[in-house]
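Student: Right, I'll just put the structure down here and ask away after.
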Amino acid sequence: MYRRVLVGLLLAVVIATPSFAQSAEPDTTKVALDTIWVLVAGMLVFFMNAGFAMLETGLCRAKNAVNILAKNFIVFAVSSLAFWFLGFALMFGDGNPMVGLSGWMLSGADNSPLMGDAYSGVFTSLNWTGVPLTAKFFFQLVFAGTAATIVSGAVAERIKFVSFIAFSAVLVGIIYPIGGHWAWGGGWLAGMGFLDFAGSTVVHSVGGWAALAGVIVLGPRLGKYMKDGSVRPILGHNMALATLGTLILWLGWFGFNPGSTMALDPAAISLIALNTNMAAAAGCLSAATVAWLALGKPDLSMILNGTLAGLVAITAPCSVVSMGGSVVIGLVAGVLVVYAVLFFDKVRIDDPVGALSVHLVNGVFGTLAVGLFATDGGLFYGGGVAKLMTQLVGVAGVGAMVFIVSLIVWSLLKMTIGIRVSPEEEHEGLDIGEHGIEAYSGFVQAPQEARAEIM
Amino acid sequence: MYRRVLVGLLLAVVIATPSFAQSAEPDTTKVALDTIWVLVAGMLVFFMNAGFAMLETGLCRAKNAVNILAKNFIVFAVSSLAFWFLGFALMFGDGNPMVGLSGWMLSGADNSPLMGDAYSGVFTSLNWTGVPLTAKFFFQLVFAGTAATIVSGAVAERIKFVSFIAFSAVLVGIIYPIGGHWAWGGGWLAGMGFLDFAGSTVVHSVGGWAALAGVIVLGPRLGKYMKDGSVRPILGHNMALATLGTLILWLGWFGFNPGSTMALDPAAISLIALNTNMAAAAGCLSAATVAWLALGKPDLSMILNGTLAGLVAITAPCSVVSMGGSVVIGLVAGVLVVYAVLFFDKVRIDDPVGALSVHLVNGVFGTLAVGLFATDGGLFYGGGVAKLMTQLVGVAGVGAMVFIVSLIVWSLLKMTIGIRVSPEEEHEGLDIGEHGIEAYSGFVQAPQEARAEIM
Amino acid sequence: MYRRVLVGLLLAVVIATPSFAQSAEPDTTKVALDTIWVLVAGMLVFFMNAGFAMLETGLCRAKNAVNILAKNFIVFAVSSLAFWFLGFALMFGDGNPMVGLSGWMLSGADNSPLMGDAYSGVFTSLNWTGVPLTAKFFFQLVFAGTAATIVSGAVAERIKFVSFIAFSAVLVGIIYPIGGHWAWGGGWLAGMGFLDFAGSTVVHSVGGWAALAGVIVLGPRLGKYMKDGSVRPILGHNMALATLGTLILWLGWFGFNPGSTMALDPAAISLIALNTNMAAAAGCLSAATVAWLALGKPDLSMILNGTLAGLVAITAPCSVVSMGGSVVIGLVAGVLVVYAVLFFDKVRIDDPVGALSVHLVNGVFGTLAVGLFATDGGLFYGGGVAKLMTQLVGVAGVGAMVFIVSLIVWSLLKMTIGIRVSPEEEHEGLDIGEHGIEAYSGFVQAPQEARAEIM
């Protein structure tokens, strides 16, 4: 309110102070409020690295735990440098509708936290948020890191450590930023009115498409799909870590979605936080129910993945739907994830942690859900199919680009340094082969079914 | 300071601006400050779900780990829907001194973040906090979820998954909100001057009474209490998870207690955070010392539970006591929890994780501590017994209601769908029986003492 | 901006309000902003207790897990009381250049949150931050606790529980505060212009020197250094916990460094957060690379410790260096930590978790890095050696004091209550000997190599 008071006062009496142009200087209090919100939200998103690490490790076998942990850990370090060197400029730097071409390594003019017309600099696409450039970079960096960790789970238990690092650098440095530029960096999708509030497409389905390409080039784990057509379940080794990881991810999403306002807008962030939670809860319950009915028992990994499915699906529409809409989106997501897991096994796409079912399938669904559930313009709210079509274009455009480029990169890596460990190493476990240590020294492990493994 | 300046300025010069009624519009900056505080605090409380999950899982046996994890995880999803459908309206909706009767599913008039007299809507009991309604709901929801997770630990290792879910829905949807309405929703206890700042009674003892009823109806685990009168210790399977869980809970309490201001009041939240910490530290040290003297060794589970006891006990009085008072409250809580654990085993109330000793016993103690240690009006500060009597009425009233209703609900569940797994399933472990998977696939477990188990 | 507007208005028109002295009352909004930032940052630092507990436990053997967990947990409770009784007054109370001598148990005059000249009270050295005294204490307490947890890892797997508690109380109550007074409490180092922004020296190297003294007095673990000169690797038992712990520490550092502004300064905290992250990432990658080259495999524990090395090294200079400088500092830290680990083993200083290599070596390096990389006055930026010399004096002065006093305290403890468990207990594991329980009840452990252990 004080701002209005000030305006009134200014109009009324202050003739002798002509230099107080509103745009000339940022509102100190607003910058402070927005900055703490963006930083705290960014820290929560950073913590999702721990969530992914625990989830993926827990859902895989003990003999590969060190490798999965090392992948999930180092990938954020790789992302930090790759996004600084290349990614941020390609994504948010001024350029053309296809790609950003300025602001390498945060160089170039930038008078943040000034906003809107008062902003002048090379990152015009981020002039809607009034925080320092370093805060903008920090928040976008933790998002970029997320995309790479999604890939990690899908290719787990057989990928070479060095190849994963190389792919991650390309993904975060080049592929992710280009898709991101289209939607968030002033590119052609932004121009069409494509809405992906916090990244169902930009982050999650991008990670999912890159992972799908990797899984196809890499092939399934030894012993997963049998010659007689049967599918052998390969159980995770630590459901406590998997559950902890999912709870950390749920927490992190309270930064991911509400933080994407990049401004401390009380009404918006409260609603978005609540929508995020309701979709997660609904996804959890519908996946539990469907798994209970379809598989006979309330499977814990389905409960966890159902929750994540709800979270991924609400990520794009969280700012434009109602609480009721969020619950429905979550319910659908939870159903989708269960059948997606079954589907991928049917077509022999081996995804050890269900990353494709969670991030790809529900990243697509969530993006389309904007066109269906947006209270202003969604199909189910009488808005016609226009919004939905725009969303579909975004899903298809980003998906095609990411999938094709990823296929090429994975294939190049396969032809050069190789992407898969030897069958012997895969059987013995990547921990000894790739890192020379085991994760749980001193604990006695059950002997493996050697025959089934090296079929 | 600027507000006073503005008032001065207004008085001095601004005659031409009659429309600036203070109450007509919220103070934008204050709403933003209060909202970020409430949301961040709420996120910390949400994270307590991970704390409870790790603590309870770690303190139970490996063969029941999946079940405990699944219970602790799904219960927040159940809580989210139950509190949205029913709980919030029953607790905070306008109604009568016994129960709220309006605002179902957040419907009804509400002009939050306007406060006090400027507020008009159906949640009058929350008109003292100036944040959006969605933020109020989010914060109260994570509190409601806590009550249900308390029950989870006490009934662990023998309860049927579906029955736990059903009870949790009733607890969070109906029982908890009614007790909460009495104290926080403008009910009869609020009218008496009962003070429970952050929920020693409203949250913790409510969870504790509901758990006690459940444990009584359910009976002890097989093999816990022997025919010859001896008590067999049943050891937890992962003290690292238990310790991690307790540290997460300690962290979460920095949201639980200081966040209950629901306003960014710097002096209040700083003192409350510090009081919370000092009581936790004191509870930790006194429980460690008592356990060392009484049991011969500094037992880690007692150290953890002593800390939690201090945290539960300071929850009600954290805003009205001094740092010194907080330390004394924590010291007493740490002693209480050790002897409560021994007591419950003596009377053959089987509580695998000590939830009753922590949340029920110290929830009661903490509520009474307001009457003893409040620097303004507490018995030890020369205030007489009036405050203490009011607190006692609150403890007894809420306790009687929750215990009796919970007994009825548990008994109804027992008569209908049943609440206990079969002896065979209990022996084998609930993970296989209820969920069809084990928590630690690949690790070799020691054979159980079959005889002792099925005595 | 509103403050400038107000100043303009005041100058222009408000003659009738002479009592609005700027310093007479704090700016309510600024106090609220600074307080939430300090508290949230403090909570993140508190959470580092969980990080240290998981990291240290994971890197040691299963038979000592309960002991390490108990040590790491209880040490913060001990710290809370010791820093309240003694530490805070010795560190920040008004006194002389060597030690603070007022403000015991937070008593004495203090009109915080008033700042600068407007402040009057006994904690003059903290008059630059405008938050309530309780918030100042909370933030400084979580820092003090960190110093003690650093010691915990280095002395793990052979120290007596009671002796560790006793040393921790002395460290947090007396030794740490004296070093802290010199640099942060208005002591002689502060007077020289010594800069240690967030505590590379004050916290990390202090913990490191105290740990070094302890390790020397205590001796190596049985079976670590063989008579034939060879070094036997003793593997950690849970790399998942170690990785989780490191990610929690990385998160916690976003409170540790940016929070040390103790004010919500948007530009400063954003840059510091980013510098902190870049140094961590660079340390991670350089340690991974060096370990890969030197040891043949990308060792996970080196990856984790490289990250922590980068974090420790950037702690002192984070506020005065560029992003590029931060990356270089991190790269150097990652190299240093690998060779430091090898060096300590060569000189038979047995540090189970690498705490000396991380906190001592890089605490020293980070403090000197201020003199090398500070964009204003650093040697590499044309500033000459003056700054570097001052930093060197601080490193040496604090180091000598802490190391000598710690040696004396450890020796006194050794002569009185003893500091080392018996060889039998060490062989069997401290969990049974010191606490009477094991960490992983039910899991089958591999038999130990008895001969190697009791060489």
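Identifiers for the structure tokens are assigned positionally: chains receive A, B, ... in sequence, residues are indexed from 1 per chain, and ligands are indexed from 1 in the order shown.
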May I have the residues of chain A within 8 Å of chain C, counting only C-alpha atoms, written as a PyMOL selection string?

Tutor: chain A and resi 3+6+14+16-17+20+25-29+31-33+35-36+39+43+46-47+49-50+53-54+57+65-66+69-70+73-74+76-78+80-81+131-132+134-135+138+434-437+439-444

Student: Determine which residues of segment 221-444 of chain B DSSP labels as alpha helix (DSSP H) from the backbone of this structure, then write them out as number ranges by chain.

Tutor: B: 239-256, 266-295, 300-315, 323-346, 355, 362-373, 386-415, 423-428, 430

Student: Show me, as a PDB file with N, CA, C and O atoms, in the first residue's frame, the residues that have an atom within 8 Å of Asn257 of chain B when counting only C-alpha atoms, minus same-chain residues fewer than 5 positions from it.

Tutor:
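Dumped to around_13.pdb:
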```pdb
ATOM      1  N   PHE B 197       0.437 -22.914  21.715  1.00  0.00           N
ATOM      2  CA  PHE B 197       0.903 -22.069  20.623  1.00  0.00           C
ATOM      3  C   PHE B 197       1.039 -22.818  19.305  1.00  0.00           C
ATOM      4  O   PHE B 197       0.505 -22.409  18.289  1.00  0.00           O
ATOM      5  N   ALA B 198       1.796 -23.934  19.315  1.00  0.00           N
ATOM      6  CA  ALA B 198       2.033 -24.618  18.038  1.00  0.00           C
ATOM      7  C   ALA B 198       1.567 -26.066  18.048  1.00  0.00           C
ATOM      8  O   ALA B 198       1.808 -26.797  17.100  1.00  0.00           O
ATOM      9  N   ILE B 272      11.365 -17.820  19.337  1.00  0.00           N
ATOM     10  CA  ILE B 272      10.727 -19.134  19.293  1.00  0.00           C
ATOM     11  C   ILE B 272      11.680 -20.178  18.684  1.00  0.00           C
ATOM     12  O   ILE B 272      11.784 -21.307  19.174  1.00  0.00           O
ATOM     13  N   ALA B 273      12.394 -19.787  17.636  1.00  0.00           N
ATOM     14  CA  ALA B 273      13.353 -20.719  17.047  1.00  0.00           C
ATOM     15  C   ALA B 273      14.401 -21.119  18.076  1.00  0.00           C
ATOM     16  O   ALA B 273      14.780 -22.290  18.188  1.00  0.00           O
ATOM     17  N   THR B 276      12.975 -23.314  20.848  1.00  0.00           N
ATOM     18  CA  THR B 276      12.772 -24.651  20.301  1.00  0.00           C
ATOM     19  C   THR B 276      14.082 -25.431  20.306  1.00  0.00           C
ATOM     20  O   THR B 276      14.145 -26.592  20.721  1.00  0.00           O
ATOM     21  N   THR B 315       6.586 -27.134  22.247  1.00  0.00           N
ATOM     22  CA  THR B 315       5.692 -26.712  21.168  1.00  0.00           C
ATOM     23  C   THR B 315       4.554 -25.815  21.654  1.00  0.00           C
ATOM     24  O   THR B 315       4.253 -24.794  21.026  1.00  0.00           O
ATOM     25  N   CYS B 318       6.369 -22.389  23.510  1.00  0.00           N
ATOM     26  CA  CYS B 318       7.558 -21.759  22.917  1.00  0.00           C
ATOM     27  C   CYS B 318       7.471 -20.244  22.808  1.00  0.00           C
ATOM     28  O   CYS B 318       8.502 -19.570  22.809  1.00  0.00           O
TER      29      CYS B 318
END
```

Student: Please identify all polymer residues within 12 Å of segment 348-351 of chain C, counting only C-alpha atoms, omitting same-chain residues fewer than 4 positions from it, and present them as a VMD selection string.

Tutor: chain C and resid 56 59 to 60 150 to 158 208 211 to 227 229 to 234 340 to 344 355 to 360

Student: Give me the residues within 6 Å of Met115 of chain A as a PyMOL selection string, counting only C-alpha atoms and dropping any in the same chain fewer than 2 places off.

Tutor: chain A and resi 118-119+127-128+130
